[in-house]
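Trainee: Sharing start_37.json below, JSON, C-alpha atoms:
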```json
[["chain", "number", "residue", "atom", "x", "y", "z"],
["Y", 1, "MET", "CA", 0.00, 0.00, 0.00],
["Y", 2, "LYS", "CA", 1.31, 3.43, -0.91],
["Y", 3, "ARG", "CA", 0.87, 6.44, 1.31],
["Y", 4, "ILE", "CA", 0.53, 9.73, -0.53],
["Y", 5, "PHE", "CA", 1.14, 13.05, 1.11],
["Y", 6, "PHE", "CA", 2.05, 16.53, 0.00],
["Y", 7, "LEU", "CA", 4.83, 18.84, 0.96],
["Y", 8, "LEU", "CA", 4.58, 22.51, 1.55],
["Y", 9, "LEU", "CA", 7.79, 24.40, 1.28],
["Y", 10, "SER", "CA", 8.51, 25.99, 4.61],
["Y", 11, "GLY", "CA", 11.30, 28.24, 5.67],
["Y", 12, "LEU", "CA", 11.15, 30.15, 2.42],
["Y", 13, "THR", "CA", 11.58, 33.48, 4.12],
["Y", 14, "ALA", "CA", 14.61, 32.25, 6.09],
["Y", 15, "ALA", "CA", 16.55, 31.24, 3.00],
["Y", 16, "PHE", "CA", 14.68, 33.57, 0.65],
["Y", 17, "SER", "CA", 17.66, 34.87, -1.23],
["Y", 18, "MET", "CA", 19.74, 31.77, -1.81],
["Y", 19, "GLY", "CA", 19.55, 28.95, -4.34],
["Y", 20, "CYS", "CA", 21.45, 26.20, -6.10],
["Y", 21, "ALA", "CA", 21.29, 23.75, -8.96],
["Y", 22, "PRO", "CA", 22.79, 20.37, -9.77],
["Y", 23, "LEU", "CA", 25.26, 21.74, -12.29],
["Y", 24, "ASP", "CA", 29.00, 21.79, -11.63],
["Y", 25, "LYS", "CA", 28.25, 22.53, -7.96],
["Y", 26, "THR", "CA", 25.94, 20.24, -6.06],
["Y", 27, "PRO", "CA", 23.24, 21.44, -3.68],
["Y", 28, "GLU", "CA", 25.30, 19.91, -0.87],
["Y", 29, "GLU", "CA", 28.34, 22.01, -1.86],
["Y", 30, "THR", "CA", 26.23, 25.14, -2.12],
["Y", 31, "CYS", "CA", 24.74, 24.60, 1.34],
["Y", 32, "GLU", "CA", 28.20, 23.90, 2.80],
["Y", 33, "MET", "CA", 29.45, 27.17, 1.30],
["Y", 34, "LEU", "CA", 26.52, 29.14, 2.75],
["Y", 35, "ILE", "CA", 26.93, 27.54, 6.19],
["Y", 36, "ASP", "CA", 30.67, 28.25, 6.10],
["Y", 37, "CYS", "CA", 29.73, 31.88, 5.39],
["Y", 38, "GLY", "CA", 27.60, 32.01, 8.53],
["Y", 39, "ALA", "CA", 24.11, 30.84, 7.56],
["Y", 40, "THR", "CA", 22.34, 29.73, 10.72],
["Y", 41, "TYR", "CA", 20.41, 26.74, 9.38],
["Y", 42, "THR", "CA", 21.56, 23.12, 9.27],
["Y", 43, "GLN", "CA", 22.70, 21.29, 6.16],
["Y", 44, "ASP", "CA", 19.39, 19.37, 6.08],
["Y", 45, "GLU", "CA", 17.33, 22.56, 6.43],
["Y", 46, "CYS", "CA", 19.31, 24.20, 3.65],
["Y", 47, "LEU", "CA", 18.84, 21.20, 1.34],
["Y", 48, "MET", "CA", 15.08, 21.13, 1.98],
["Y", 49, "ASP", "CA", 14.78, 24.62, 0.55],
["Y", 50, "ILE", "CA", 17.82, 25.42, -1.56],
["Y", 51, "GLY", "CA", 18.47, 21.88, -2.78],
["Y", 52, "SER", "CA", 15.03, 21.75, -4.37],
["Y", 53, "ARG", "CA", 15.38, 24.90, -6.48],
["Y", 54, "GLU", "CA", 15.89, 25.03, -10.22],
["Y", 55, "LEU", "CA", 18.55, 27.59, -11.11],
["Y", 56, "SER", "CA", 20.74, 28.31, -14.09],
["Y", 57, "LYS", "CA", 24.47, 27.74, -14.26],
["Y", 58, "GLU", "CA", 24.88, 31.54, -14.34],
["Y", 59, "CYS", "CA", 23.02, 31.80, -11.04],
["Y", 60, "VAL", "CA", 25.11, 29.14, -9.32],
["Y", 61, "ASP", "CA", 28.32, 30.71, -10.64],
["Y", 62, "ALA", "CA", 27.21, 34.12, -9.34],
["Y", 63, "MET", "CA", 26.47, 32.65, -5.93],
["Y", 64, "PHE", "CA", 29.89, 31.05, -5.67],
["Y", 65, "ASP", "CA", 31.54, 34.27, -6.90],
["Y", 66, "ALA", "CA", 29.78, 36.33, -4.19],
["Y", 67, "SER", "CA", 31.53, 37.15, -0.94],
["Y", 68, "CYS", "CA", 30.11, 35.88, 2.34],
["Y", 69, "GLU", "CA", 28.89, 39.38, 3.13],
["Y", 70, "GLU", "CA", 27.02, 39.57, -0.18],
["Y", 71, "HIS", "CA", 24.98, 36.44, 0.65],
["Y", 72, "PHE", "CA", 23.42, 38.21, 3.60],
["Y", 73, "THR", "CA", 22.76, 41.64, 2.11],
["Y", 74, "ALA", "CA", 19.23, 42.49, 1.06],
["Y", 75, "PRO", "CA", 19.06, 41.73, -1.76],
["Y", 76, "PRO", "CA", 22.18, 39.72, -2.60],
["Y", 77, "SER", "CA", 24.04, 40.77, -5.73],
["Y", 78, "TYR", "CA", 22.89, 37.68, -7.66],
["Y", 79, "MET", "CA", 19.11, 38.06, -7.19],
["Y", 80, "ASP", "CA", 18.49, 39.36, -10.71],
["Y", 81, "THR", "CA", 20.61, 36.56, -12.17],
["Y", 82, "CYS", "CA", 18.87, 33.83, -10.19],
["Y", 83, "TYR", "CA", 15.21, 34.76, -10.03],
["Y", 84, "ASP", "CA", 12.67, 36.24, -12.41],
["Y", 85, "THR", "CA", 10.44, 38.97, -11.08],
["Y", 86, "CYS", "CA", 6.74, 38.35, -10.42],
["Y", 87, "THR", "CA", 3.81, 40.41, -9.22],
["Y", 88, "VAL", "CA", 1.09, 37.93, -8.18],
["Y", 89, "LEU", "CA", 1.87, 36.42, -4.77],
["Y", 90, "GLY", "CA", 1.15, 32.71, -4.44],
["Y", 91, "LYS", "CA", 2.11, 29.37, -5.89],
["Y", 92, "ALA", "CA", 1.15, 27.33, -8.92],
["Y", 93, "CYS", "CA", 2.25, 24.10, -10.55],
["Y", 94, "ASP", "CA", 3.82, 24.08, -13.98],
["Y", 95, "LYS", "CA", 4.14, 20.39, -14.91],
["Y", 96, "ASP", "CA", 6.62, 18.98, -12.34],
["Y", 97, "ASP", "CA", 7.67, 22.37, -10.98],
["Y", 98, "LEU", "CA", 6.10, 24.34, -8.16],
["Y", 99, "LYS", "CA", 6.49, 28.07, -8.79],
["Y", 100, "ILE", "CA", 6.20, 30.38, -5.81],
["Y", 101, "CYS", "CA", 5.98, 34.16, -6.14],
["Y", 102, "MET", "CA", 7.15, 35.82, -2.95],
["Y", 103, "GLY", "CA", 8.69, 39.21, -2.33],
["Y", 104, "GLY", "CA", 8.54, 40.08, -6.03],
["Y", 105, "ARG", "CA", 10.67, 37.06, -7.05],
["Y", 106, "GLU", "CA", 9.68, 33.73, -8.56],
["Y", 107, "PHE", "CA", 11.23, 30.64, -6.95],
["Y", 108, "VAL", "CA", 10.96, 27.43, -8.97],
["Y", 109, "TYR", "CA", 11.06, 24.12, -7.12],
["Y", 110, "ASP", "CA", 11.50, 20.74, -8.82],
["Y", 111, "CYS", "CA", 8.99, 18.34, -7.23],
["Y", 112, "LYS", "CA", 11.36, 15.35, -7.55],
["Y", 113, "LYS", "CA", 13.97, 17.24, -5.53],
["Y", 114, "VAL", "CA", 11.38, 18.49, -3.05],
["Y", 115, "CYS", "CA", 10.36, 14.91, -2.24],
["Y", 116, "ARG", "CA", 13.98, 13.72, -2.09],
["Y", 117, "TYR", "CA", 15.34, 16.47, 0.14],
["Y", 118, "GLN", "CA", 12.30, 16.45, 2.42],
["Y", 119, "GLU", "CA", 12.95, 12.69, 2.76],
["Y", 120, "ALA", "CA", 9.34, 12.18, 1.83],
["Y", 121, "GLY", "CA", 9.80, 9.31, -0.57],
["Y", 122, "ASP", "CA", 9.40, 9.51, -4.31],
["Y", 123, "TYR", "CA", 7.61, 12.10, -6.36],
["Y", 124, "SER", "CA", 4.18, 10.80, -7.38],
["Y", 125, "GLY", "CA", 4.30, 12.57, -10.73],
["Y", 126, "SER", "CA", 1.55, 14.91, -9.61],
["Y", 127, "CYS", "CA", 1.78, 18.58, -8.72],
["Y", 128, "GLY", "CA", -1.46, 20.37, -7.98],
["Y", 129, "THR", "CA", -4.32, 20.57, -5.53],
["Y", 130, "VAL", "CA", -5.43, 16.94, -5.96],
["Y", 131, "SER", "CA", -3.25, 13.84, -5.44],
["Y", 132, "PRO", "CA", -3.37, 10.84, -7.78],
["Y", 133, "GLN", "CA", -5.58, 9.13, -5.14],
["Y", 134, "GLY", "CA", -7.98, 12.05, -4.90],
["Y", 135, "ASP", "CA", -6.71, 13.67, -1.69],
["Y", 136, "VAL", "CA", -7.17, 17.45, -1.76],
["Y", 137, "SER", "CA", -4.66, 20.00, -0.49],
["Y", 138, "GLU", "CA", -6.13, 22.77, 1.62],
["Y", 139, "ASP", "CA", -3.04, 24.85, 0.83],
["Y", 140, "GLY", "CA", -3.40, 25.07, -2.95],
["Y", 141, "ASP", "CA", -0.89, 23.55, -5.32],
["Y", 142, "VAL", "CA", 1.70, 21.21, -3.78],
["Y", 143, "CYS", "CA", 4.16, 18.50, -4.81],
["Y", 144, "TRP", "CA", 2.62, 15.10, -3.98],
["Y", 145, "CYS", "CA", 5.11, 12.52, -2.68],
["Y", 146, "TYR", "CA", 4.61, 8.89, -1.73],
["Y", 147, "ILE", "CA", 6.22, 6.33, 0.52],
["Y", 148, "GLN", "CA", 5.94, 2.68, -0.42]]
```
Take the structure in this file and express it as structure tokens.
Mentor:
Amino acid sequence: MKRIFFLLLSGLTAAFSMGCAPLDKTPEETCEMLIDCGATYTQDECLMDIGSRELSKECVDAMFDASCEEHFTAPPSYMDTCYDTCTVLGKACDKDDLKICMGGREFVYDCKKVCRYQEAGDYSGSCGTVSPQGDVSEDGDVCWCYIQ
């Protein structure tokens, strides 16, 4: 029997301005760099948020080129490189991505990574308000994960 459940992305405001992608730097390396610079969350907390984001190689390069001080300025120097602007607050699924507009920036989360880094099992292949089994999210669109 499979258990389906959804994941809401929490802690977005805490790590609002940081991101990573599985390019030449892994999410683990990015989180280690941020923690070494003084970020106050754990490696697991960082991976739950930052490890799930979809970002370009240019974004990741800009993050690694930034000084430790730049990571904690508001906004960091790489914000325009990493995130598109948006005006409608909220979240919506776009195929297997969950897009969240917050603070004028759009954060894109890959549902497969969300399930993996939240240690929630495998991605069900469904992003939206209704799970493959018909469960309904009270929080709008979510990534639906399952544990076998």
Trainee: Which of these, Y:Leu34, Y:Val108, Y:Ala66, Y:Ala92, has the shortest distance to Ser52 of chain Y once you count only C-alpha atoms?
Mentor: Y:Val108
Trainee: If you count all atoms listed in the file, which residues fall within 7 Å of Glu106 of chain Y, apart from same-chain ones fewer than 5 positions away, as a tab-separated table (two decimals) with C-alpha atoms, keeping the file's coordinate frame?
Mentor:
```
chain	number	residue	atom	x	y	z
Y	83	TYR	CA	15.21	34.76	-10.03
Y	84	ASP	CA	12.67	36.24	-12.41
Y	85	THR	CA	10.44	38.97	-11.08
Y	86	CYS	CA	6.74	38.35	-10.42
Y	99	LYS	CA	6.49	28.07	-8.79
Y	100	ILE	CA	6.20	30.38	-5.81
Y	101	CYS	CA	5.98	34.16	-6.14
```
Trainee: Kindly assemble as CSV a list of the segment 57-113 of chain Y residues that lie within 8 Å of segment 120-131 of chain Y, each paired with its nearest atom pair and their distance in Å to one decimal, using all atoms listed in the file, sorted first by chain and then by ascending residue number.
Mentor:
```
residue,atom,partner,partner_atom,distance
Y:Ala92,CA,Y:Gly128,CA,7.5
Y:Cys93,CA,Y:Cys127,CA,5.8
Y:Asp94,CA,Y:Cys127,CA,7.9
Y:Lys95,CA,Y:Cys127,CA,6.9
Y:Asp96,CA,Y:Cys127,CA,6.1
Y:Asp97,CA,Y:Cys127,CA,7.4
Y:Leu98,CA,Y:Cys127,CA,7.2
Y:Cys111,CA,Y:Tyr123,CA,6.4
Y:Lys112,CA,Y:Tyr123,CA,5.1
```
Trainee: One number please: atom CA of Glu138 of chain Y to atom CA of Leu55 of chain Y, in Å, one decimal.
Mentor: 28.2 Å
Trainee: Can you tell me how far atom CA of Asp139 of chain Y sits from atom CA of Asp44 of chain Y, in Å to one decimal?
Mentor: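 Interatomic distance, atom CA of Asp139 of chain Y to atom CA of Asp44 of chain Y: 23.7 Å.
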Trainee: Restricting the calculation to only C-alpha atoms: of Y:Thr30, Y:Ser137, Y:Thr73, Y:Thr40, which residue gets closest to Arg53 of chain Y?
Mentor: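 Ranking Y:Thr30, Y:Ser137, Y:Thr73, Y:Thr40 by distance to Arg53 of chain Y, first place goes to Y:Thr30.
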Trainee: Suppose you want the space between atom CA of Asp36 of chain Y and atom CA of Met102 of chain Y; what is it in Å?
Mentor: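 Atom-to-atom, atom CA of Asp36 of chain Y and atom CA of Met102 of chain Y are spaced 26.3 Å apart.
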Trainee: Given the choices Y:Gln133, Y:Thr26, Y:Gln118, Y:Gln43, which gets closest to Phe64 of chain Y if the distance is worked out from only C-alpha atoms?
Mentor: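 The closest residue to Phe64 of chain Y is Y:Thr26.
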Trainee: For Glu29 of chain Y, which residue out of Y:Val60, Y:Tyr78, Y:Glu54, Y:Tyr109 is the nearest one, using all atoms listed in the file?
Mentor: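 Of Y:Val60, Y:Tyr78, Y:Glu54, Y:Tyr109, the one nearest Glu29 of chain Y, counting all atoms listed in the file, is Y:Val60.
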Trainee: Excluding same-chain residues fewer than 4 positions from Gly51 of chain Y, what lies within 7 Å of it counting only C-alpha atoms, as a list in words?
Mentor: Cys20, Pro27, Cys46, Leu47 and Tyr117 of chain Y
Trainee: From the options Y:Val114, Y:Ile35, Y:Cys82, Y:Leu89, which residue's atoms come nearest to Ser56 of chain Y, counting only C-alpha atoms?
Mentor: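 Selected residue with least distance to Ser56 of chain Y: Y:Cys82.
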Trainee: Which of these, Y:Asp135, Y:Cys31, Y:Cys37, Y:Cys115, has the shortest distance to Glu69 of chain Y once you count all atoms listed in the file?
Mentor: Y:Cys37
